[in-house]
Structure formats: structure tokens, C-alpha cells
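What's in coords22.txt: compact mmCIF, C-alpha atoms
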```
# COMPACT_ATOMS: atom_id res chain seq x y z
CA MET Z 18 8.78 -61.86 -49.55
CA ALA Z 19 11.66 -59.55 -48.79
CA GLU Z 20 13.96 -60.62 -46.00
CA ALA Z 21 14.31 -58.57 -42.85
CA ARG Z 22 17.69 -56.88 -42.73
CA LEU Z 23 19.82 -54.74 -40.47
CA GLN Z 24 20.56 -51.35 -41.97
CA VAL Z 25 23.27 -49.19 -40.38
CA ILE Z 26 22.62 -45.49 -40.21
CA ALA Z 27 24.19 -42.68 -38.23
CA GLY Z 28 22.98 -42.87 -34.69
CA GLY Z 29 22.83 -46.66 -34.39
CA GLY Z 30 21.61 -49.83 -36.02
CA VAL Z 31 17.87 -50.27 -36.48
CA PRO Z 32 16.28 -53.62 -37.38
CA GLN Z 33 14.32 -53.09 -40.57
CA GLY Z 34 11.41 -54.95 -42.05
CA PRO Z 35 10.47 -54.34 -45.67
CA LEU Z 36 10.93 -50.58 -46.09
CA VAL Z 37 7.91 -48.41 -46.87
CA THR Z 38 8.64 -46.63 -50.11
CA ASP Z 39 5.46 -44.57 -50.52
CA PRO Z 40 6.09 -41.35 -48.54
CA TRP Z 41 2.41 -40.41 -48.43
CA LEU Z 42 1.34 -43.74 -46.97
CA PHE Z 43 4.13 -43.50 -44.42
CA GLN Z 44 3.18 -39.93 -43.48
CA ALA Z 45 -0.47 -40.95 -43.10
CA ALA Z 46 0.60 -43.69 -40.67
CA CYS Z 47 2.70 -41.15 -38.78
CA VAL Z 48 -0.28 -38.79 -38.51
CA ASP Z 49 -2.39 -41.64 -37.09
CA ALA Z 50 0.31 -42.37 -34.50
CA PHE Z 51 0.59 -38.67 -33.64
CA VAL Z 52 -3.16 -38.44 -33.07
CA ALA Z 53 -3.07 -41.59 -30.92
CA SER Z 54 -0.44 -39.90 -28.74
CA TRP Z 55 -2.82 -36.95 -28.19
CA ARG Z 56 -5.53 -39.28 -26.96
CA ALA Z 57 -3.06 -41.12 -24.73
CA ARG Z 58 -2.07 -37.81 -23.13
CA GLY Z 59 -5.67 -36.92 -22.33
CA PHE Z 60 -6.54 -34.26 -24.90
CA SER Z 61 -10.30 -33.67 -25.12
CA PRO Z 62 -12.18 -35.10 -28.15
CA VAL Z 63 -13.01 -31.56 -29.28
CA THR Z 64 -9.33 -30.55 -29.23
CA VAL Z 65 -8.30 -33.71 -31.09
CA GLU Z 66 -10.93 -33.21 -33.77
CA ASN Z 67 -9.99 -29.56 -34.31
CA ASP Z 68 -6.25 -30.25 -34.40
CA ILE Z 69 -6.57 -33.17 -36.82
CA GLY Z 70 -8.26 -30.86 -39.32
CA LEU Z 71 -5.63 -28.17 -38.78
CA LEU Z 72 -2.76 -30.63 -39.26
CA GLU Z 73 -4.31 -32.04 -42.44
CA ARG Z 74 -4.77 -28.55 -43.89
CA THR Z 75 -1.19 -27.62 -43.01
CA LEU Z 76 0.33 -30.72 -44.60
CA ALA Z 77 -1.84 -30.30 -47.70
CA ALA Z 78 -0.73 -26.67 -48.06
CA LEU Z 79 2.94 -27.64 -47.75
CA GLY Z 80 2.48 -30.16 -50.55
CA ARG Z 81 5.33 -32.49 -49.62
CA PRO Z 82 6.15 -34.98 -46.86
CA ALA Z 83 7.01 -33.32 -43.56
CA TRP Z 84 10.63 -34.51 -43.64
CA ASP Z 85 11.16 -32.81 -47.02
CA VAL Z 86 9.68 -29.46 -45.98
CA THR Z 87 12.10 -26.52 -46.17
CA PRO Z 88 12.08 -23.10 -44.49
CA GLU Z 89 11.02 -21.68 -47.85
CA ASP Z 90 7.95 -23.93 -47.81
CA ILE Z 91 6.97 -22.57 -44.40
CA ASP Z 92 7.48 -19.01 -45.69
CA ARG Z 93 5.28 -19.77 -48.71
CA VAL Z 94 2.39 -21.25 -46.75
CA VAL Z 95 2.38 -18.57 -44.05
CA GLY Z 96 2.77 -15.86 -46.68
CA ASP Z 97 -0.19 -17.22 -48.66
CA LEU Z 98 -2.31 -17.17 -45.51
CA ALA Z 99 -1.33 -13.56 -44.91
CA VAL Z 100 -2.23 -12.59 -48.48
CA LYS Z 101 -5.65 -14.23 -48.00
CA GLY Z 102 -6.18 -12.07 -44.93
CA ARG Z 103 -6.05 -14.87 -42.38
CA ALA Z 104 -5.52 -13.69 -38.82
CA THR Z 105 -2.11 -13.77 -37.16
CA SER Z 106 -3.42 -16.33 -34.68
CA THR Z 107 -4.44 -18.62 -37.56
CA ARG Z 108 -1.02 -18.38 -39.19
CA ARG Z 109 0.58 -19.13 -35.83
CA GLU Z 110 -1.62 -22.23 -35.43
CA TYR Z 111 -0.43 -23.60 -38.79
CA VAL Z 112 3.21 -23.21 -37.76
CA GLN Z 113 2.71 -24.59 -34.26
CA ILE Z 114 0.84 -27.71 -35.38
CA PHE Z 115 3.58 -28.48 -37.90
CA LYS Z 116 6.29 -27.98 -35.27
CA GLY Z 117 4.49 -30.38 -32.96
CA PHE Z 118 4.20 -33.02 -35.68
CA HIS Z 119 7.84 -32.58 -36.66
CA ARG Z 120 8.95 -33.00 -33.03
CA PHE Z 121 6.93 -36.22 -32.91
CA LEU Z 122 8.70 -37.48 -36.03
CA GLN Z 123 12.09 -36.64 -34.55
CA ALA Z 124 11.27 -38.47 -31.31
CA ARG Z 125 9.52 -41.53 -32.74
CA LYS Z 126 10.26 -41.90 -36.45
CA ALA Z 127 13.67 -40.36 -37.19
CA ALA Z 128 15.49 -43.67 -37.71
CA GLU Z 129 12.78 -45.07 -39.98
CA ILE Z 130 12.65 -41.90 -42.08
CA GLU Z 131 16.41 -41.82 -42.54
CA ALA Z 132 16.49 -45.49 -43.44
CA ALA Z 133 13.58 -45.34 -45.88
CA PHE Z 134 14.07 -41.92 -47.46
CA GLY Z 135 17.64 -40.95 -46.68
CA VAL Z 136 16.61 -37.77 -44.86
CA ARG Z 137 17.92 -36.65 -41.48
CA LEU Z 138 15.21 -34.63 -39.77
CA VAL Z 139 15.90 -30.93 -39.21
CA CYS Z 140 12.94 -28.72 -38.31
CA PRO Z 141 12.39 -26.07 -41.03
CA VAL Z 142 10.78 -23.65 -38.57
CA ASP Z 143 13.61 -21.33 -37.62
CA GLU Z 144 14.06 -17.94 -35.95
CA PHE Z 145 13.07 -16.16 -39.15
CA ASN Z 146 9.68 -17.80 -39.71
CA ALA Z 147 8.67 -18.92 -36.19
CA SER Z 148 5.47 -17.14 -35.24
CA ARG Z 149 5.67 -14.77 -32.32
CA HIS Z 150 2.95 -15.34 -29.75
CA VAL Z 151 1.52 -11.90 -30.40
CA GLY Z 152 -1.62 -11.48 -32.44
CA ASP Z 153 -3.28 -8.53 -34.09
CA ASP Z 154 -5.41 -8.16 -30.97
CA SER Z 155 -2.45 -8.50 -28.63
CA PRO Z 156 -2.72 -6.75 -25.28
CA ALA Z 157 0.40 -4.86 -26.33
CA LEU Z 158 -1.66 -3.23 -29.11
CA LEU Z 159 -5.31 -3.16 -28.07
CA PRO Z 160 -6.46 -2.53 -24.51
CA PRO Z 161 -9.22 -4.74 -23.14
CA PRO Z 162 -12.70 -3.27 -22.68
CA THR Z 163 -13.02 -0.99 -19.69
CA PRO Z 164 -15.11 -2.01 -16.65
CA GLU Z 165 -17.72 0.54 -17.73
CA ARG Z 166 -17.88 -0.91 -21.24
CA VAL Z 167 -18.27 -4.45 -19.89
CA VAL Z 168 -21.11 -3.33 -17.58
CA GLU Z 169 -22.87 -1.64 -20.51
CA PHE Z 170 -22.58 -4.80 -22.61
CA PHE Z 171 -24.00 -7.04 -19.90
CA ASP Z 172 -26.84 -4.55 -19.28
CA PHE Z 173 -27.67 -4.80 -22.98
CA MET Z 174 -27.67 -8.59 -22.76
CA LYS Z 175 -29.98 -8.57 -19.72
CA GLN Z 176 -32.45 -6.35 -21.57
CA ARG Z 177 -32.28 -8.62 -24.59
CA ILE Z 178 -33.22 -11.69 -22.52
CA ALA Z 179 -36.65 -10.14 -21.91
CA THR Z 180 -37.30 -9.48 -25.61
CA ALA Z 181 -35.42 -12.23 -27.47
CA ARG Z 182 -37.45 -14.61 -29.63
CA LYS Z 183 -35.77 -17.55 -27.87
CA TYR Z 184 -35.28 -17.09 -24.14
CA GLY Z 185 -32.95 -20.10 -23.69
CA PRO Z 186 -30.10 -19.12 -26.07
CA ALA Z 187 -30.25 -15.46 -24.98
CA ALA Z 188 -30.03 -16.37 -21.29
CA ARG Z 189 -27.33 -18.97 -21.94
CA ASP Z 190 -25.23 -16.40 -23.81
CA TYR Z 191 -25.52 -14.00 -20.88
CA ALA Z 192 -24.33 -16.64 -18.38
CA LEU Z 193 -21.58 -17.82 -20.74
CA PHE Z 194 -20.02 -14.41 -21.33
CA ARG Z 195 -20.34 -13.49 -17.66
CA THR Z 196 -18.35 -16.68 -16.95
CA LEU Z 197 -15.67 -15.79 -19.50
CA TYR Z 198 -15.25 -12.39 -17.88
CA HIS Z 199 -15.51 -13.12 -14.16
CA ALA Z 200 -13.58 -16.41 -14.25
CA GLY Z 201 -11.11 -15.39 -16.98
CA LEU Z 202 -11.72 -18.57 -18.97
CA ARG Z 203 -10.70 -19.33 -22.52
CA SER Z 204 -13.62 -20.02 -24.88
CA GLU Z 205 -12.74 -23.70 -25.22
CA GLU Z 206 -12.38 -24.12 -21.46
CA ALA Z 207 -15.90 -22.73 -21.00
CA SER Z 208 -17.33 -24.88 -23.78
CA LEU Z 209 -16.00 -28.04 -22.11
CA LEU Z 210 -17.46 -27.28 -18.67
CA GLU Z 211 -20.02 -29.76 -17.42
CA ARG Z 212 -22.66 -29.35 -14.76
CA PRO Z 213 -20.73 -31.41 -12.18
CA ASP Z 214 -17.84 -28.92 -12.59
CA LEU Z 215 -19.79 -26.34 -10.57
CA HIS Z 216 -18.94 -26.60 -6.87
CA PHE Z 217 -20.97 -23.93 -5.08
CA THR Z 218 -19.90 -25.00 -1.59
CA ARG Z 219 -16.15 -25.09 -2.27
CA GLY Z 220 -14.43 -22.08 -0.72
CA PRO Z 221 -16.12 -18.82 0.29
CA PHE Z 222 -17.46 -18.07 -3.22
CA GLY Z 223 -17.81 -21.46 -4.86
CA LYS Z 224 -15.46 -22.73 -7.56
CA LEU Z 225 -15.39 -23.92 -11.16
CA HIS Z 226 -13.36 -27.05 -11.87
CA VAL Z 227 -11.71 -26.31 -15.22
CA ARG Z 228 -10.73 -29.87 -16.11
CA PHE Z 229 -9.50 -29.09 -19.61
CA GLY Z 230 -7.29 -26.09 -18.95
CA LYS Z 231 -4.81 -25.31 -21.70
CA GLY Z 232 -1.34 -26.78 -21.13
CA ALA Z 233 1.91 -25.19 -22.28
CA HIS Z 234 4.00 -26.62 -25.12
CA THR Z 235 1.44 -29.35 -26.01
CA SER Z 236 1.72 -30.79 -22.49
CA GLY Z 237 -1.93 -31.81 -22.39
CA PRO Z 238 -4.83 -30.57 -20.24
CA ARG Z 239 -3.88 -28.67 -17.10
CA PRO Z 240 -6.80 -28.68 -14.63
CA ARG Z 241 -7.34 -25.82 -12.19
CA TRP Z 242 -9.92 -24.47 -9.74
CA VAL Z 243 -11.31 -20.98 -10.39
CA PRO Z 244 -13.36 -19.08 -7.79
CA MET Z 245 -16.77 -17.69 -8.75
CA LEU Z 246 -16.02 -14.04 -8.05
CA ASP Z 247 -18.20 -10.93 -8.37
CA GLY Z 248 -21.50 -12.77 -8.04
CA LEU Z 249 -20.75 -15.36 -10.71
CA ASP Z 250 -22.11 -18.01 -8.35
CA LEU Z 251 -25.52 -16.29 -8.37
CA VAL Z 252 -25.51 -16.09 -12.16
CA LEU Z 253 -24.68 -19.78 -12.51
CA ARG Z 254 -27.24 -20.85 -9.90
CA TRP Z 255 -29.89 -18.92 -11.85
CA PHE Z 256 -28.67 -20.47 -15.10
CA LEU Z 257 -28.93 -24.02 -13.74
CA GLU Z 258 -32.34 -23.50 -12.15
CA ASP Z 259 -34.07 -21.41 -14.82
CA VAL Z 260 -32.25 -21.81 -18.13
CA ARG Z 261 -30.33 -25.07 -18.53
CA GLY Z 262 -33.53 -27.16 -18.50
CA LYS Z 263 -34.66 -25.48 -21.71
CA PHE Z 264 -31.91 -27.34 -23.61
CA PRO Z 265 -31.69 -31.10 -24.24
CA ASP Z 266 -30.57 -33.11 -21.22
CA SER Z 267 -26.81 -33.76 -21.16
CA SER Z 268 -23.86 -33.17 -18.86
CA VAL Z 269 -22.71 -30.13 -20.87
CA LEU Z 270 -23.09 -26.84 -19.00
CA PHE Z 271 -23.36 -24.32 -21.85
CA ALA Z 272 -25.09 -26.57 -24.38
CA ASP Z 273 -26.19 -25.83 -27.91
CA GLU Z 274 -29.71 -26.68 -29.06
CA SER Z 275 -28.74 -30.32 -29.61
CA GLY Z 276 -27.34 -30.67 -26.09
CA GLY Z 277 -23.70 -30.74 -27.21
CA PRO Z 278 -20.92 -28.30 -26.31
CA LEU Z 279 -20.58 -24.99 -28.11
CA HIS Z 280 -17.53 -24.80 -30.36
CA ARG Z 281 -15.10 -21.96 -29.60
CA GLY Z 282 -15.78 -20.59 -33.10
CA THR Z 283 -19.49 -20.52 -32.30
CA ILE Z 284 -18.78 -18.59 -29.11
CA ARG Z 285 -16.76 -16.04 -31.06
CA ASN Z 286 -19.51 -15.74 -33.68
CA ARG Z 287 -22.20 -15.37 -31.00
CA LEU Z 288 -20.33 -12.47 -29.41
CA ARG Z 289 -19.87 -10.79 -32.77
CA TYR Z 290 -23.59 -11.20 -33.47
CA LEU Z 291 -24.54 -9.73 -30.10
CA MET Z 292 -22.33 -6.69 -30.61
CA ASP Z 293 -23.87 -6.21 -34.06
CA LEU Z 294 -27.26 -6.11 -32.34
CA GLU Z 295 -25.90 -3.72 -29.74
CA GLY Z 296 -24.84 -1.36 -32.52
CA ARG Z 297 -21.66 -0.03 -30.95
CA PRO Z 298 -18.86 1.38 -33.16
CA PRO Z 299 -16.04 -0.99 -34.18
CA ALA Z 300 -13.60 0.63 -31.73
CA GLU Z 301 -15.81 -0.48 -28.82
CA ARG Z 302 -16.14 -4.11 -29.87
CA PHE Z 303 -14.08 -6.93 -28.40
CA SER Z 304 -13.42 -10.66 -28.69
CA PRO Z 305 -14.05 -13.47 -26.16
CA HIS Z 306 -10.31 -13.48 -25.45
CA ALA Z 307 -10.48 -9.74 -24.69
CA LEU Z 308 -12.87 -10.58 -21.84
CA ARG Z 309 -10.17 -12.84 -20.41
CA ARG Z 310 -7.65 -9.99 -20.63
CA ALA Z 311 -10.20 -7.66 -19.08
CA CYS Z 312 -10.55 -10.08 -16.18
CA ALA Z 313 -6.79 -9.96 -15.60
CA THR Z 314 -6.55 -6.18 -15.97
CA HIS Z 315 -9.55 -5.23 -13.85
CA ASN Z 316 -8.58 -7.55 -11.00
CA TYR Z 317 -5.02 -6.19 -11.08
CA GLU Z 318 -6.27 -2.60 -11.04
CA ARG Z 319 -8.31 -3.22 -7.93
CA GLY Z 320 -5.38 -4.72 -6.07
CA VAL Z 321 -5.64 -8.49 -6.55
CA ASP Z 322 -2.22 -10.11 -6.21
CA LEU Z 323 -0.58 -10.86 -9.55
CA VAL Z 324 0.21 -14.45 -8.56
CA ALA Z 325 -3.45 -14.98 -7.68
CA ILE Z 326 -4.43 -13.74 -11.15
CA GLN Z 327 -1.83 -16.06 -12.68
CA GLN Z 328 -3.36 -19.05 -10.89
CA MET Z 329 -6.85 -17.96 -11.84
CA LEU Z 330 -6.03 -17.70 -15.54
CA GLY Z 331 -3.97 -20.89 -15.59
CA HIS Z 332 -0.71 -19.34 -16.81
CA TRP Z 333 2.59 -21.12 -16.26
CA THR Z 334 4.45 -17.92 -15.41
CA VAL Z 335 3.69 -14.46 -14.04
CA SER Z 336 5.33 -12.97 -17.13
CA SER Z 337 2.54 -14.48 -19.25
CA THR Z 338 -0.05 -12.88 -16.98
CA MET Z 339 1.66 -9.49 -17.22
CA ARG Z 340 1.19 -9.57 -20.99
CA TYR Z 341 -2.54 -9.67 -20.34
CA VAL Z 342 -2.57 -6.72 -17.97
CA ARG Z 343 -3.16 -3.35 -19.65
CA PRO Z 344 -3.95 -0.81 -16.91
CA SER Z 345 -6.02 2.28 -17.65
CA ALA Z 346 -4.50 5.63 -18.54
CA THR Z 347 -4.96 6.87 -14.97
CA PHE Z 348 -3.72 3.72 -13.24
CA ILE Z 349 -0.60 5.42 -11.83
CA GLU Z 350 -2.56 8.39 -10.48
CA ASP Z 351 -5.24 6.14 -8.98
CA ALA Z 352 -2.60 3.97 -7.29
CA TYR Z 353 -0.85 7.09 -5.97
CA GLN Z 354 -4.08 8.47 -4.52
CA ARG Z 355 -4.86 5.18 -2.80
CA ALA Z 356 -1.36 5.05 -1.32
CA VAL Z 357 -1.54 8.65 -0.08
CA ALA Z 358 -5.00 8.09 1.37
CA ALA Z 359 -3.84 4.96 3.20
CA THR Z 360 -0.82 6.82 4.62
CA LEU Z 361 -2.92 9.76 5.82
CA ALA Z 362 -5.43 7.40 7.39
CA GLU Z 363 -2.62 5.67 9.28
CA LEU Z 364 -1.17 8.97 10.50
CA THR Z 365 -4.44 10.64 11.45
CA GLY Z 366 -6.46 7.61 12.43
CA LYS Z 367 -9.22 8.75 10.05
CA ASP Z 368 -10.49 7.11 6.90
CA THR Z 369 -9.81 9.69 4.16
CA THR Z 370 -11.38 7.57 1.43
CA ALA Z 371 -14.92 7.95 2.84
```

Write the structure described by the file as C-alpha cells, please.
Amino acid sequence: MAEARLQVIAGGGVPQGPLVTDPWLFQAACVDAFVASWRARGFSPVTVENDIGLLERTLAALGRPAWDVTPEDIDRVVGDLAVKGRATSTRREYVQIFKGFHRFLQARKAAEIEAAFGVRLVCPVDEFNASRHVGDDSPALLPPPTPERVVEFFDFMKQRIATARKYGPAARDYALFRTLYHAGLRSEEASLLERPDLHFTRGPFGKLHVRFGKGAHTSGPRPRWVPMLDGLDLVLRWFLEDVRGKFPDSSVLFADESGGPLHRGTIRNRLRYLMDLEGRPPAERFSPHALRRACATHNYERGVDLVAIQQMLGHWTVSSTMRYVRPSATFIEDAYQRAVAATLAELTGKDTTA
């Protein structure tokens, strides 16, 4: 049995047991420790399961231990994804999950890696291959659906409830997408809602307790309270009383036909399917995330304070919220007319908007 020894490396002495020489076994142990840290920080089981698969795919595509990865390897993997037609958001997820794993290695395993493999950790994601947080459907490029378009879509969904072969899924989809729009939720936040998260008597409108709100920079869940605006409380009361009982009993609010939570990919696919049924041209179609941006834009256009919208959406900064806001082409003129009308009403004592 090899004797324990003290090996001196730059940065301090580290007591060493028998060194692990198989890099793949060592990396597998590091991945297990990384995943354990997610659970310790309170990530939801769904998030952990999804991110484990993403990390495994990323490491497999890189083809070498994380501490040996070079900027050229990152370029190769991301470039291959682009050639295959994978979305910008997918390519960004690959880069971000690797950065998170590499930061974990630097914080927890740097001394062991240098002692065992002679490598000092330097993250290969640099300014030239770091993904910008702007996707193909960025609010800077595509405006969210207009209020009129959203109303038309929900009218279509209401009509479909009466004729759908399965009432339960059709009615659930209607309540789900109304929640995404009126509460400005992310798909995964909505999928993780449970029935006890509905608080109809909290505040003047009732509130949703979003317990698994997205945190910034892998900081873990960031809970928030979101008011049920624009009649969302009525929709959710109807859903609980008339629809939820048609699915298997569980705590999940928007359950699938087994009683479990809908995956965010399923939500995206359901919306795509519904818009296929609606038969609108491609230019008038939108994603679940576009409903979140529409929530921000439409509330801003009607005068809701920007900080209030920030709190509603769960953003860390107002600048993040502003990226979601894409006012209509006549926003300046409409704001001017409201300001002039308010001024005239103050001067004349008459309501000129009537």
C-alpha cells in the first residue's frame, strides 16, 4: 500500500493520499460532487436531472478531461452545434454548464488536479467564445406578440376547449398559458408550481408563490410572490374547481396525465402544436418565453412602474427587465397623447380622455 505523502505545489502544501491516475474516474467523482453541491443549494429535482444530462453531453462532446480543455475545444463543440442547426440558447447552455463545472473544479479540486495531473486550472471560455445572453428570438430582434394577437390566441384556445377530444388537457393548456402571460413566468417556474402555491386571499388580487424562481449566476432558487393580475385569479379558481380533478391526484398544479409536472420542453411543444392547429402564419407564432416578454412589454406600455415589472419577473436588475420591453411602433405617440390629455384635464378641470 502506497504511503501517504506531502506534495508541495504552488499555492501551498496539500496532504496527499495515493494519487488518482485515471483522469476519467477522477472527473466522474468530480461530477458527482458537483451534482451533490446543486442538491445542497436547493436546486429542484427537475433542474438537477436536466443539468446532469446537459453536463454529461457537454463533457462527452469535448472528449477530454475538463482541466485539459482548450479554447479551441470550446470553439469546436459550439461550432459543431451551430452546423447541426442547434439554437443559440442551446449552444449557450453547453458553454454555461461547462463554465459552472470548471468554477467548481477551481474552487474545490484545483490542488488535487495540479498534484495528480500537473495542470493548473485556467478556464478555456474566454471573451472570444463566451456566449452572449442574446438568442435568435431575443427581444432586440423579435418583438413579443401584440395584446391583440394574445387575445386572439386565447380566444382560439377557449373555443378549442369546447370541441377538444380531451377536455382536461385542453383546459389545462389554456390555464397554463394564461399564467405564463399574466404572471410573466418562465416555463419551468410554471411547471414546478403546486396547488398550495396559490394564495387567493393574499393581497388585493391573490398571489402565486413562485418557490423555484431562477437565480442569477447559478445562485440557486430565488423565490418570489407574483400577483394574479388581469383576472388570472378567476382563471385559476376555475382550473382548480373544474379541471384539475380530471388529472391524477398530486400536489402538482399543471399536471400531465400521470400526475407529474410538465417538462419545459413539453410546454414549448404544446404551444407549437396549438399554433399549428390555429393555422396562423409563421410570422405570428411565438414561444412560451415570448409570452413572458409580452407580459413585461404590455404592462410597461400601460404605465406599470418598471421596478414593479422587475420584481414581478424576478430579474436581479432593471437593465435585465428593459431587455424584455419592446414597445409598439406608436408607443411614443400614445405616451405623448396621454401626457397632453392629462395636462389639458388639469388645466381645464375636464376629462379629455372620455

Open item on the list: Env of Z:Val243: 6 Å cut, atoms = all atoms listed in the file, seq-sep filter 3 positions within chain, self excluded. Answer as a PyMOL selection string.
Closed with: chain Z and resi 224-225+329

Task: Length of the atom CA of Z:Ala46 to atom CA of Z:Asp92 vector [Å] - done: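 Between these atoms lies a distance of 26.1 Å.
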
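The point (-14.0, -11.9, -11.4) has these residues within 9 Å of it, counting only C-alpha atoms: Z:Thr196, Z:Tyr198, Z:His199, Z:Ala200, Z:Gly201, Z:Pro244, Z:Met245, Z:Leu246, Z:Asp247, Z:Gly248, Z:Leu249, Z:Cys312, Z:Ala313, Z:His315, Z:Asn316.
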
- [ ] Would you mind reading off the distance between atom CA of Z:Glu301 and atom CA of Z:Thr163, one decimal, in Å?
- [x]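 Value for the atom CA of Z:Glu301-atom CA of Z:Thr163 distance: 9.6 Å.
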
Open item on the list: Counting all atoms listed in the file, which residue out of Z:Trp55, Z:Phe170, Z:Phe121, Z:Trp41 sits closest to Z:Phe134?
Closed with: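 Result for the nearest residue to Z:Phe134: Z:Trp41.
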
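If only C-alpha atoms are the atoms counted, then among Z:Asp143, Z:Gly282, Z:Thr107, Z:Arg297 the closest residue to Z:Asp90 is Z:Asp143.
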